[in-house]
file target_2.txt (compact mmCIF, C-alpha atoms)
# COMPACT_ATOMS: atom_id res chain seq x y z
CA MET A 1 13.10 7.90 -26.12
CA ASN A 2 13.28 11.39 -24.65
CA LEU A 3 12.40 14.93 -25.63
CA ASN A 4 15.78 15.96 -27.04
CA SER A 5 14.39 16.15 -30.55
CA LEU A 6 11.32 18.14 -29.58
CA LYS A 7 10.92 21.89 -29.80
CA GLY A 8 11.49 23.70 -26.52
CA TYR A 9 13.15 20.79 -24.71
CA SER A 10 15.30 21.93 -21.80
CA GLU A 11 18.15 19.96 -20.25
CA THR A 12 17.32 21.56 -16.90
CA THR A 13 14.53 19.06 -16.30
CA LYS A 14 15.11 17.76 -12.79
CA LYS A 15 14.32 14.12 -13.53
CA PRO A 16 13.93 12.14 -16.75
CA TRP A 17 10.31 11.72 -17.75
CA SER A 18 11.09 9.41 -20.66
CA ILE A 19 8.55 8.79 -23.40
CA CYS A 20 8.78 6.33 -26.29
CA LEU A 21 9.22 7.98 -29.68
CA ASP A 22 9.70 4.70 -31.54
CA GLU A 23 8.18 4.97 -35.02
CA ARG A 24 6.29 1.68 -34.47
CA PHE A 25 3.99 3.33 -31.93
CA SER A 26 1.54 6.17 -32.21
CA LEU A 27 3.00 8.95 -30.04
CA ILE A 28 5.66 10.34 -32.38
CA HIS A 29 3.14 10.44 -35.24
CA ARG A 30 0.53 12.18 -33.08
CA ILE A 31 3.12 14.74 -31.94
CA ARG A 32 4.02 15.48 -35.56
CA SER A 33 0.36 15.90 -36.50
CA LYS A 34 -0.30 18.09 -33.40
CA GLN A 35 -2.93 15.62 -32.14
CA CYS A 36 -1.34 14.28 -28.95
CA ARG A 37 -2.76 14.71 -25.45
CA LEU A 38 -0.89 14.57 -22.14
CA TYR A 39 -2.42 14.33 -18.67
CA SER A 40 -0.06 15.18 -15.82
CA LEU A 41 -0.98 14.34 -12.22
CA GLY A 42 0.95 16.16 -9.52
CA LEU A 43 0.95 17.60 -6.02
CA GLY A 44 2.44 21.07 -5.91
CA SER A 45 5.59 20.32 -7.92
CA ASP A 46 7.31 23.34 -9.44
CA ASP A 47 9.11 21.19 -12.02
CA ASN A 48 6.93 21.57 -15.11
CA HIS A 49 9.65 21.44 -17.79
CA PHE A 50 8.26 18.19 -19.20
CA GLU A 51 4.76 19.62 -19.54
CA LEU A 52 6.04 22.84 -21.14
CA SER A 53 8.19 20.87 -23.59
CA MET A 54 5.22 18.73 -24.63
CA ALA A 55 3.00 21.82 -24.98
CA ASN A 56 5.68 23.59 -27.04
CA SER A 57 5.77 20.58 -29.35
CA GLY A 58 2.06 21.06 -30.03
CA CYS A 59 0.55 18.59 -27.56
CA GLU A 60 -2.62 19.38 -25.64
CA VAL A 61 -1.45 19.28 -22.01
CA HIS A 62 -3.67 19.08 -18.93
CA ARG A 63 -1.94 19.34 -15.54
CA PHE A 64 -4.03 18.32 -12.51
CA ASP A 65 -2.86 19.74 -9.19
CA PRO A 66 -5.09 20.50 -6.16
CA SER A 67 -2.69 23.20 -4.95
CA ILE A 68 -3.22 25.70 -7.79
CA LYS A 69 -5.19 28.86 -6.99
CA SER A 70 -7.87 28.90 -9.70
CA ALA A 71 -10.20 26.13 -10.85
CA HIS A 72 -8.91 26.25 -14.44
CA ILE A 73 -6.03 28.23 -15.94
CA GLN A 74 -4.97 28.28 -19.58
CA GLU A 75 -1.34 29.14 -20.24
CA GLY A 76 -0.55 29.60 -23.90
CA ARG A 77 -2.33 27.70 -26.65
CA HIS A 78 -1.78 24.14 -25.43
CA LEU A 79 -1.39 24.08 -21.62
CA TRP A 80 -4.18 23.94 -19.05
CA TYR A 81 -3.97 23.73 -15.26
CA HIS A 82 -6.86 22.26 -13.27
CA ARG A 83 -7.37 22.50 -9.50
CA LEU A 84 -8.24 18.85 -9.24
CA SER A 85 -6.72 15.80 -7.63
CA ILE A 86 -6.96 12.49 -9.52
CA ASP A 87 -7.79 9.74 -7.06
CA TRP A 88 -8.86 6.07 -7.02
CA ARG A 89 -12.41 6.94 -5.96
CA ASP A 90 -14.98 9.67 -6.51
CA PRO A 91 -16.16 11.58 -3.41
CA ASN A 92 -19.57 10.65 -2.05
CA PRO A 93 -21.51 13.92 -1.58
CA ALA A 94 -23.75 12.24 1.01
CA ILE A 95 -20.77 11.75 3.35
CA ALA A 96 -19.75 14.96 5.11
CA ALA A 97 -16.07 14.01 5.28
CA HIS A 98 -15.97 13.55 1.51
CA LYS A 99 -17.10 17.14 0.90
CA LEU A 100 -13.60 18.24 1.87
CA HIS A 101 -12.39 16.31 -1.17
CA SER A 102 -14.94 17.61 -3.68
CA ASN A 103 -12.08 18.49 -6.03
CA THR A 104 -11.03 14.82 -6.09
CA LYS A 105 -12.12 12.55 -8.94
CA LYS A 106 -11.22 9.32 -10.66
CA LEU A 107 -9.45 9.60 -13.99
CA GLY A 108 -12.31 7.84 -15.79
CA THR A 109 -14.75 10.44 -14.42
CA VAL A 110 -12.53 13.30 -15.63
CA LEU A 111 -12.19 11.77 -19.09
CA ASN A 112 -15.98 11.58 -19.37
CA GLU A 113 -16.46 15.15 -18.14
CA PHE A 114 -13.80 16.52 -20.51
CA GLY A 115 -15.12 14.47 -23.43
CA HIS A 116 -11.73 12.84 -23.98
CA GLN A 117 -11.64 9.28 -25.29
CA LYS A 118 -7.88 8.76 -25.14
CA ILE A 119 -4.71 10.04 -23.48
CA ASP A 120 -1.44 9.63 -25.35
CA VAL A 121 0.70 10.03 -22.22
CA LEU A 122 -0.30 9.84 -18.55
CA LYS A 123 2.40 11.18 -16.24
CA ALA A 124 1.93 10.73 -12.48
CA ASP A 125 3.98 12.08 -9.58
CA VAL A 126 1.49 11.69 -6.74
CA GLU A 127 3.61 10.81 -3.69
CA SER A 128 2.55 7.21 -2.91
CA ALA A 129 -1.02 7.42 -4.24
CA GLU A 130 0.19 5.91 -7.53
CA TRP A 131 -0.44 2.26 -6.58
CA LYS A 132 -4.14 2.75 -5.80
CA ILE A 133 -4.61 5.01 -8.84
CA LEU A 134 -2.97 2.38 -11.04
CA GLU A 135 -5.23 -0.30 -9.54
CA ASN A 136 -8.31 1.82 -10.35
CA LEU A 137 -7.16 2.38 -13.94
CA ILE A 138 -6.74 -1.38 -14.39
CA LEU A 139 -9.98 -2.41 -12.67
CA GLU A 140 -12.09 0.05 -14.68
CA ASP A 141 -10.24 -0.62 -17.97
CA VAL A 142 -9.29 3.07 -18.21
CA VAL A 143 -5.67 2.02 -18.77
CA GLU A 144 -6.64 0.77 -22.23
CA GLN A 145 -7.44 4.38 -23.19
CA ILE A 146 -3.83 5.38 -22.46
CA GLY A 147 -0.91 5.14 -24.90
CA GLN A 148 1.99 5.56 -22.45
CA LEU A 149 2.35 5.59 -18.68
CA VAL A 150 5.16 7.47 -16.93
CA PHE A 151 4.81 6.90 -13.19
CA GLU A 152 6.98 7.79 -10.23
CA VAL A 153 6.60 4.89 -7.78
CA HIS A 154 7.52 4.87 -4.12
CA ILE A 155 8.53 1.71 -2.31
CA HIS A 156 9.68 2.95 1.11
CA TRP A 157 6.20 2.16 2.49
CA PRO A 158 3.13 0.34 1.12
CA GLY A 159 1.33 3.50 -0.02
CA PHE A 160 -2.08 4.97 0.76
CA GLU A 161 -4.72 2.40 1.75
CA VAL A 162 -2.40 -0.54 1.06
CA SER A 163 -2.08 -2.84 4.05
CA GLY A 164 -0.67 -6.23 5.03
CA ASN A 165 2.75 -7.65 5.77
CA ASP A 166 5.72 -7.09 3.45
CA SER A 167 5.10 -10.16 1.29
CA THR A 168 1.42 -9.19 0.87
CA VAL A 169 2.40 -5.68 -0.22
CA VAL A 170 4.99 -6.93 -2.69
CA ARG A 171 2.49 -9.39 -4.17
CA TYR A 172 -0.01 -6.52 -4.54
CA TRP A 173 2.55 -4.34 -6.33
CA TYR A 174 3.60 -7.24 -8.54
CA SER A 175 -0.01 -8.06 -9.43
CA LEU A 176 -0.51 -4.53 -10.78
CA LEU A 177 2.68 -4.64 -12.84
CA ARG A 178 1.72 -8.08 -14.13
CA GLU A 179 -1.74 -6.79 -15.15
CA LEU A 180 -0.08 -4.06 -17.19
CA GLU A 181 1.98 -6.71 -19.00
CA LEU A 182 -1.13 -8.78 -19.67
CA LYS A 183 -2.71 -5.69 -21.25
CA ASP A 184 0.33 -5.45 -23.57
CA PHE A 185 2.08 -2.59 -21.80
CA ARG A 186 5.86 -2.92 -22.05
CA LEU A 187 8.31 -1.29 -19.66
CA PHE A 188 10.86 0.56 -21.79
CA HIS A 189 12.64 2.84 -19.31
CA THR A 190 13.46 2.95 -15.60
CA TYR A 191 15.13 5.66 -13.55
CA LYS A 192 16.46 5.15 -10.04
CA ASP A 193 16.40 8.37 -8.00
CA LEU A 194 19.63 8.23 -5.98
CA SER A 195 18.76 11.48 -4.21
CA LYS A 196 16.06 9.62 -2.25
CA PRO A 197 16.72 7.36 0.80
CA GLN A 198 17.81 3.77 0.15
CA MET A 199 14.71 2.24 1.67
CA PHE A 200 12.43 -0.67 0.82
CA LEU A 201 9.30 -1.07 2.97
CA LYS A 202 10.86 0.89 5.83
CA LYS A 203 14.10 -1.12 5.78
CA GLU A 204 17.49 0.02 4.53
CA ALA A 205 18.25 -1.42 1.09
CA PHE A 206 21.79 -1.20 -0.26
CA ASN A 207 22.18 -0.03 -3.87
CA ALA A 208 18.46 0.64 -4.19
CA SER A 209 16.22 3.68 -3.97
CA SER A 210 12.86 4.37 -2.38
CA CYS A 211 11.74 6.06 -5.60
CA TYR A 212 11.78 4.99 -9.26
CA THR A 213 10.34 6.48 -12.44
CA LEU A 214 8.92 3.77 -14.71
CA SER A 215 7.78 4.26 -18.31
CA TRP A 216 5.53 1.87 -20.25
CA VAL A 217 4.21 1.91 -23.81
CA ASN A 218 0.90 0.36 -24.78
CA THR A 219 1.95 -1.84 -27.70
CA ARG A 220 -1.65 -2.06 -28.93
CA TRP A 221 -1.41 1.62 -29.91
CA LYS A 222 0.20 1.45 -33.34

call {"tool": "encode", "arguments": {"input": "target_2.txt", "output": "C-alpha cells"}}
result
Amino acid sequence: MNLNSLKGYSETTKKPWSICLDERFSLIHRIRSKQCRLYSLGLGSDDNHFELSMANSGCEVHRFDPSIKSAHIQEGRHLWYHRLSIDWRDPNPAIAAHKLHSNTKKLGTVLNEFGHQKIDVLKADVESAEWKILENLILEDVVEQIGQLVFEVHIHWPGFEVSGNDSTVVRYWYSLLRELELKDFRLFHTYKDLSKPQMFLKKEAFNASSCYTLSWVNTRWK
C-alpha cells in the first residue's frame, strides 16, 4: 500500500501519501509496464518526495503549482512542473477580475488540453480548496477517469465557497464522500496529522485533527 517496494522511495517523506498496490487493481501493473500517470496538485509545497519516487519508478508525473517560476519545466525523463492551479471553475476572460486567475483551470479542461484520457493517481494538497475541486470532479464525471485519489482534507473550517451552518457543511462533505462510494471508490487508507490543531469547524475537538489524508481506489479499474 505504499512506495516501499518502488525504486527511489525515501523514508524522509514528510507525510504518507499511500497508494494501493493490490494486484487486483490496475496501478501496480501500470507501474511495472511504465504506463502510469500521476497528477499532483499543490500550492508551493517543497515536499516532492512522493512525486520523485513515482517518477523514478517510471511513472509520468505532472505537478501543478501556481508558485513555480516558469510555465512548464521538465525535470528528468518523467517529471513535469506546470505553473497552473487546478480549480473548480475555469476563468471567464470577459470578467476583468478573472484575468488575474488566467493560470487557473478545471481538471477536465487540463486533461483535454494535454490529450490525457486517464490519470492513474490524483494527489491533491490544496489547502481547503479540495472540497470544491472534488465536487467539480464528481459533477462533471471527471472522477471516473481517475484510478486512485489521495487527498489531504481540512475540516477546521468549511473550505472555499462552502457556506451554511455546521450541519449543512457536514452534510455537504458527507454527500461528496457518499458520491465517491456510489461510483465504486473505496477508502483504503487514512492518516490523521497530529501536528495540526485539534479543530473541527472552528471548535476544539479532542483526539481529532483538522487535517487528514484520505486515499481511495476506483474498484472499476481492474

call {"tool": "closest_atom_pairs", "arguments": {"input": "target_2.txt", "of": "segment 63-150 of chain A", "to": "segment 189-192 of chain A", "cutoff": "12 Å", "atoms": "all atoms listed in the file", "output": "JSON lines"}}
result
{"residue": "A:Gln148", "atom": "CA", "partner": "A:His189", "partner_atom": "CA", "distance": 11.4}
{"residue": "A:Leu149", "atom": "CA", "partner": "A:His189", "partner_atom": "CA", "distance": 10.7}
{"residue": "A:Val150", "atom": "CA", "partner": "A:His189", "partner_atom": "CA", "distance": 9.1}

call {"tool": "write_last_selection", "arguments": {"input": "target_2.txt", "atoms": "C-alpha atoms", "output": "CSV table (one decimal), keeping the file's coordinate frame"}}
result
chain,number,residue,atom,x,y,z
A,148,GLN,CA,2.0,5.6,-22.4
A,149,LEU,CA,2.4,5.6,-18.7
A,150,VAL,CA,5.2,7.5,-16.9

call {"tool": "closest_residue", "arguments": {"input": "target_2.txt", "among": "A:Glu75, A:Asp120, A:Asp184, A:Glu60", "to": "His29 of chain A", "atoms": "all atoms listed in the file"}}
result
A:Asp120

call {"tool": "atom_distance", "arguments": {"input": "target_2.txt", "atom1": "atom CA of Ser45 of chain A", "atom2": "atom CA of Phe206 of chain A"}}
result
28.0 Å

call {"tool": "residues_near_point", "arguments": {"input": "target_2.txt", "point": "(0.9, 17.9, -28.3)", "cutoff": "12 Å", "atoms": "all atoms listed in the file", "output": "PyMOL selection string"}}
result
chain A and resi 6-7+27-39+50-62+77-79+119-121

call {"tool": "closest_residue", "arguments": {"input": "target_2.txt", "among": "A:Asp125, A:Leu41, A:Asn48, A:Ser163", "to": "Thr104 of chain A", "atoms": "only C-alpha atoms"}}
result
A:Leu41

call {"tool": "closest_residue", "arguments": {"input": "target_2.txt", "among": "A:Gly76, A:Gly42, A:Pro91, A:Pro158", "to": "Met199 of chain A", "atoms": "all atoms listed in the file"}}
result
A:Pro158

call {"tool": "closest_residue", "arguments": {"input": "target_2.txt", "among": "A:Ala205, A:Val170, A:Ile19, A:Ile68", "to": "Leu122 of chain A", "atoms": "only C-alpha atoms"}}
result
A:Ile19

call {"tool": "closest_residue", "arguments": {"input": "target_2.txt", "among": "A:Gln74, A:Asn165, A:Ser210, A:Thr219", "to": "Phe185 of chain A", "atoms": "all atoms listed in the file"}}
result
A:Thr219

call {"tool": "residues_near_point", "arguments": {"input": "target_2.txt", "point": "(-7.3, -0.4, -12.6)", "cutoff": "12 Å", "atoms": "all atoms listed in the file", "output": "number ranges by chain"}}
result
A: 87-89, 106-108, 130-146, 175-180, 183

call {"tool": "residues_around", "arguments": {"input": "target_2.txt", "residues": "Phe64 of chain A", "least_positions_apart": "2", "cutoff": "10 Å", "atoms": "all atoms listed in the file", "output": "compact mmCIF listing (two decimals) with C-alpha atoms, in the coordinates of the input"}}
result
# COMPACT_ATOMS: atom_id res chain seq x y z
CA TYR A 39 -2.42 14.33 -18.67
CA SER A 40 -0.06 15.18 -15.82
CA LEU A 41 -0.98 14.34 -12.22
CA GLY A 42 0.95 16.16 -9.52
CA LEU A 43 0.95 17.60 -6.02
CA GLY A 44 2.44 21.07 -5.91
CA VAL A 61 -1.45 19.28 -22.01
CA HIS A 62 -3.67 19.08 -18.93
CA PRO A 66 -5.09 20.50 -6.16
CA SER A 67 -2.69 23.20 -4.95
CA ILE A 68 -3.22 25.70 -7.79
CA HIS A 72 -8.91 26.25 -14.44
CA TRP A 80 -4.18 23.94 -19.05
CA TYR A 81 -3.97 23.73 -15.26
CA HIS A 82 -6.86 22.26 -13.27
CA ARG A 83 -7.37 22.50 -9.50
CA LEU A 84 -8.24 18.85 -9.24
CA SER A 85 -6.72 15.80 -7.63
CA ILE A 86 -6.96 12.49 -9.52
CA ALA A 124 1.93 10.73 -12.48

call {"tool": "closest_residue", "arguments": {"input": "target_2.txt", "among": "A:Val153, A:Arg220, A:Trp17, A:Phe25", "to": "Lys196 of chain A", "atoms": "all atoms listed in the file"}}
result
A:Val153

call {"tool": "atom_distance", "arguments": {"input": "target_2.txt", "atom1": "atom CA of Phe200 of chain A", "atom2": "atom CA of Val169 of chain A"}}
result
11.3 Å

call {"tool": "atom_distance", "arguments": {"input": "target_2.txt", "atom1": "atom CA of Ala71 of chain A", "atom2": "atom CA of Leu214 of chain A"}}
result
29.7 Å

call {"tool": "residues_around", "arguments": {"input": "target_2.txt", "residues": "Leu201 of chain A", "least_positions_apart": "3", "cutoff": "12 Å", "atoms": "only C-alpha atoms", "output": "VMD selection string"}}
result
chain A and resid 154 to 159 162 to 170 173 197 to 198 204 to 205 208 to 211

call {"tool": "decode", "arguments": {"input": "target_2.txt", "residues": "segment 25-40 of chain A", "atoms": "all heavy atoms", "output": "mmCIF file, in the first residue's frame"}}
result
data_model
loop_
_atom_site.group_PDB
_atom_site.id
_atom_site.type_symbol
_atom_site.label_atom_id
_atom_site.label_comp_id
_atom_site.auth_asym_id
_atom_site.auth_seq_id
_atom_site.Cartn_x
_atom_site.Cartn_y
_atom_site.Cartn_z
ATOM 1 N N PHE A 25 -6.000 -4.479 -8.731
ATOM 2 C CA PHE A 25 -6.284 -3.207 -9.381
ATOM 3 C C PHE A 25 -5.140 -2.822 -10.318
ATOM 4 O O PHE A 25 -4.060 -3.402 -10.287
ATOM 5 C CB PHE A 25 -6.575 -2.133 -8.330
ATOM 6 C CG PHE A 25 -7.665 -2.541 -7.378
ATOM 7 C CD1 PHE A 25 -7.392 -2.759 -6.037
ATOM 8 C CD2 PHE A 25 -8.959 -2.754 -7.836
ATOM 9 C CE1 PHE A 25 -8.392 -3.162 -5.165
ATOM 10 C CE2 PHE A 25 -9.969 -3.156 -6.975
ATOM 11 C CZ PHE A 25 -9.687 -3.366 -5.637
ATOM 12 N N SER A 26 -5.388 -1.821 -11.121
ATOM 13 C CA SER A 26 -4.527 -1.585 -12.286
ATOM 14 C C SER A 26 -3.184 -0.924 -11.973
ATOM 15 O O SER A 26 -2.237 -1.093 -12.734
ATOM 16 C CB SER A 26 -5.279 -0.707 -13.300
ATOM 17 O OG SER A 26 -5.530 0.581 -12.744
ATOM 18 N N LEU A 27 -3.070 -0.173 -10.877
ATOM 19 C CA LEU A 27 -1.902 0.693 -10.702
ATOM 20 C C LEU A 27 -0.583 -0.071 -10.701
ATOM 21 O O LEU A 27 0.356 0.314 -11.405
ATOM 22 C CB LEU A 27 -2.025 1.528 -9.425
ATOM 23 C CG LEU A 27 -0.856 2.487 -9.171
ATOM 24 C CD1 LEU A 27 -0.714 3.490 -10.318
ATOM 25 C CD2 LEU A 27 -1.039 3.219 -7.839
ATOM 26 N N ILE A 28 -0.484 -1.140 -9.919
ATOM 27 C CA ILE A 28 0.792 -1.849 -9.826
ATOM 28 C C ILE A 28 1.206 -2.396 -11.188
ATOM 29 O O ILE A 28 2.388 -2.389 -11.549
ATOM 30 C CB ILE A 28 0.722 -2.980 -8.766
ATOM 31 C CG1 ILE A 28 2.089 -3.640 -8.590
ATOM 32 C CG2 ILE A 28 -0.342 -4.005 -9.109
ATOM 33 C CD1 ILE A 28 3.195 -2.710 -8.107
ATOM 34 N N HIS A 29 0.234 -2.832 -11.988
ATOM 35 C CA HIS A 29 0.552 -3.368 -13.320
ATOM 36 C C HIS A 29 0.993 -2.253 -14.268
ATOM 37 O O HIS A 29 1.887 -2.452 -15.093
ATOM 38 C CB HIS A 29 -0.672 -4.103 -13.874
ATOM 39 C CG HIS A 29 -1.194 -5.150 -12.950
ATOM 40 N ND1 HIS A 29 -0.509 -6.329 -12.708
ATOM 41 C CD2 HIS A 29 -2.313 -5.189 -12.164
ATOM 42 C CE1 HIS A 29 -1.186 -7.060 -11.840
ATOM 43 N NE2 HIS A 29 -2.284 -6.396 -11.496
ATOM 44 N N ARG A 30 0.387 -1.081 -14.117
ATOM 45 C CA ARG A 30 0.763 0.049 -14.978
ATOM 46 C C ARG A 30 2.127 0.621 -14.581
ATOM 47 O O ARG A 30 2.864 1.130 -15.422
ATOM 48 C CB ARG A 30 -0.334 1.113 -14.945
ATOM 49 C CG ARG A 30 -1.608 0.624 -15.655
ATOM 50 C CD ARG A 30 -2.733 1.637 -15.579
ATOM 51 N NE ARG A 30 -2.433 2.862 -16.308
ATOM 52 C CZ ARG A 30 -2.548 3.009 -17.613
ATOM 53 N NH1 ARG A 30 -2.944 1.981 -18.367
ATOM 54 N NH2 ARG A 30 -2.284 4.161 -18.187
ATOM 55 N N ILE A 31 2.458 0.534 -13.290
ATOM 56 C CA ILE A 31 3.797 0.945 -12.851
ATOM 57 C C ILE A 31 4.840 0.007 -13.452
ATOM 58 O O ILE A 31 5.868 0.446 -13.983
ATOM 59 C CB ILE A 31 3.894 0.960 -11.304
ATOM 60 C CG1 ILE A 31 3.071 2.128 -10.733
ATOM 61 C CG2 ILE A 31 5.349 1.061 -10.859
ATOM 62 C CD1 ILE A 31 2.994 2.142 -9.219
ATOM 63 N N ARG A 32 4.564 -1.290 -13.384
ATOM 64 C CA ARG A 32 5.523 -2.270 -13.914
ATOM 65 C C ARG A 32 5.731 -2.113 -15.411
ATOM 66 O O ARG A 32 6.833 -2.325 -15.917
ATOM 67 C CB ARG A 32 5.034 -3.683 -13.603
ATOM 68 C CG ARG A 32 5.168 -4.065 -12.141
ATOM 69 C CD ARG A 32 4.481 -5.387 -11.867
ATOM 70 N NE ARG A 32 4.566 -5.751 -10.456
ATOM 71 C CZ ARG A 32 3.735 -6.613 -9.866
ATOM 72 N NH1 ARG A 32 2.763 -7.186 -10.587
ATOM 73 N NH2 ARG A 32 3.868 -6.887 -8.592
ATOM 74 N N SER A 33 4.672 -1.736 -16.119
ATOM 75 C CA SER A 33 4.780 -1.591 -17.575
ATOM 76 C C SER A 33 5.148 -0.168 -17.997
ATOM 77 O O SER A 33 5.144 0.155 -19.187
ATOM 78 C CB SER A 33 3.463 -1.994 -18.237
ATOM 79 O OG SER A 33 2.409 -1.144 -17.818
ATOM 80 N N LYS A 34 5.498 0.682 -16.989
ATOM 81 C CA LYS A 34 5.912 2.070 -17.243
ATOM 82 C C LYS A 34 4.826 2.859 -17.989
ATOM 83 O O LYS A 34 5.127 3.685 -18.857
ATOM 84 C CB LYS A 34 7.220 2.128 -18.048
ATOM 85 C CG LYS A 34 8.329 1.239 -17.524
ATOM 86 C CD LYS A 34 8.835 1.662 -16.165
ATOM 87 C CE LYS A 34 10.024 0.836 -15.719
ATOM 88 N NZ LYS A 34 10.442 1.111 -14.334
ATOM 89 N N GLN A 35 3.563 2.626 -17.652
ATOM 90 C CA GLN A 35 2.465 3.305 -18.332
ATOM 91 C C GLN A 35 1.625 4.163 -17.387
ATOM 92 O O GLN A 35 0.589 4.663 -17.784
ATOM 93 C CB GLN A 35 1.550 2.267 -19.001
ATOM 94 C CG GLN A 35 2.201 1.538 -20.158
ATOM 95 C CD GLN A 35 1.245 0.561 -20.809
ATOM 96 O OE1 GLN A 35 0.535 -0.191 -20.139
ATOM 97 N NE2 GLN A 35 1.199 0.564 -22.131
ATOM 98 N N CYS A 36 2.045 4.325 -16.141
ATOM 99 C CA CYS A 36 1.179 5.029 -15.191
ATOM 100 C C CYS A 36 1.379 6.551 -15.278
ATOM 101 O O CYS A 36 2.413 7.039 -15.735
ATOM 102 C CB CYS A 36 1.397 4.525 -13.771
ATOM 103 S SG CYS A 36 2.717 5.298 -12.864
ATOM 104 N N ARG A 37 0.341 7.263 -14.864
ATOM 105 C CA ARG A 37 0.356 8.732 -14.910
ATOM 106 C C ARG A 37 -0.156 9.280 -13.583
ATOM 107 O O ARG A 37 -1.211 8.886 -13.098
ATOM 108 C CB ARG A 37 -0.509 9.232 -16.059
ATOM 109 C CG ARG A 37 -0.569 10.758 -16.158
ATOM 110 C CD ARG A 37 -1.441 11.189 -17.329
ATOM 111 N NE ARG A 37 -0.842 10.813 -18.602
ATOM 112 C CZ ARG A 37 -1.470 10.136 -19.565
ATOM 113 N NH1 ARG A 37 -2.727 9.761 -19.390
ATOM 114 N NH2 ARG A 37 -0.856 9.847 -20.694
ATOM 115 N N LEU A 38 0.601 10.203 -13.009
ATOM 116 C CA LEU A 38 0.237 10.862 -11.750
ATOM 117 C C LEU A 38 0.057 12.354 -11.990
ATOM 118 O O LEU A 38 0.899 12.987 -12.640
ATOM 119 C CB LEU A 38 1.344 10.646 -10.706
ATOM 120 C CG LEU A 38 1.342 11.552 -9.474
ATOM 121 C CD1 LEU A 38 0.192 11.225 -8.543
ATOM 122 C CD2 LEU A 38 2.676 11.463 -8.730
ATOM 123 N N TYR A 39 -1.038 12.901 -11.502
ATOM 124 C CA TYR A 39 -1.221 14.351 -11.424
ATOM 125 C C TYR A 39 -1.127 14.741 -9.951
ATOM 126 O O TYR A 39 -1.801 14.137 -9.104
ATOM 127 C CB TYR A 39 -2.597 14.763 -11.946
ATOM 128 C CG TYR A 39 -2.710 15.007 -13.434
ATOM 129 C CD1 TYR A 39 -1.892 14.375 -14.351
ATOM 130 C CD2 TYR A 39 -3.682 15.882 -13.924
ATOM 131 C CE1 TYR A 39 -2.017 14.603 -15.712
ATOM 132 C CE2 TYR A 39 -3.827 16.114 -15.287
ATOM 133 C CZ TYR A 39 -2.995 15.471 -16.178
ATOM 134 O OH TYR A 39 -3.142 15.697 -17.522
ATOM 135 N N SER A 40 -0.335 15.748 -9.662
ATOM 136 C CA SER A 40 -0.172 16.233 -8.298
ATOM 137 C C SER A 40 -0.552 17.702 -8.240
ATOM 138 O O SER A 40 0.010 18.526 -8.970
ATOM 139 C CB SER A 40 1.286 16.043 -7.852
ATOM 140 O OG SER A 40 1.521 16.688 -6.618
#
